[in-house]
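Participant: I'd like to ask some things about the structure below.
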Amino acid sequence: MNFREQKIYFKFCFNLEKTASESYEVLKRAICDYAMSRAQSFEWYSHCKYGQTSVGDFEHSYHLSSSWTDKNVEKVQQIIYDDRWHKINDVYNIIGLWYRT
């Protein structure tokens, strides 16, 4: 099972509402030495959790320069100005961007 297939597996498990730990343990039992690392599997699971559903190369997808626009900066400043208690995930969700944890 290649890395892309393993990412598809995690997307599938996420949609079945399995936890990252449950998903990783089943994958590890199924393909042993060929499974992605625990850290990689939890990272991919978090991508699914935050809306990154493409199983292509996700390594660069969260660094899109188009998200760093003057308009988005103004939106973030306004959100923080209106309510300083927002968490970073809340701010990203409000302006419609994906945040990698």
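Labels used: A, B, ... for chains in the order of the structure tokens, numbers from 1 for residues in each chain, and numbers from 1 for ligands as shown.
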Just list the residues in chain A DSSP gives alpha helix (DSSP H) on the backbone, as a ChimeraX atom specification.
Facilitator: /A:3-15,20-31,38-49,70-82,88-95
Participant: Excluding same-chain residues fewer than 4 positions from region 84-98 of chain A, what lies within 8 Å of it counting only C-alpha atoms, as a list in words?
Facilitator: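 My reading of the contact set: Tyr50, Gly51, Gln52, Tyr62, Ser67, Asn72, Lys75, Val76, Ile79 and Ile80 of chain A.
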Participant: Can you pull out every residue within 10 Å of region 6-21 of chain A, counting only C-alpha atoms, but drop anything in the same chain fewer than 3 positions away, and send it as a list of chain:residue names?
Facilitator: A:Met1, A:Asn2, A:Phe3, A:Tyr24, A:Glu25, A:Val26, A:Leu27, A:Ile31, A:Tyr34, A:Ala35, A:Met36, A:Arg38, A:Gln40, A:Ser41, A:Phe42, A:Glu43, A:Trp44, A:Tyr45, A:Ser46, A:His47, A:Cys48, A:Lys49, A:Gln52, A:Thr53, A:Ser54, A:Val55, A:Gly56
Participant: How many Å separate CA of Thr69 (chain A) from CA of Asp83 (chain A)?
Facilitator: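 Here the two named atoms are 21.3 Å from each other.
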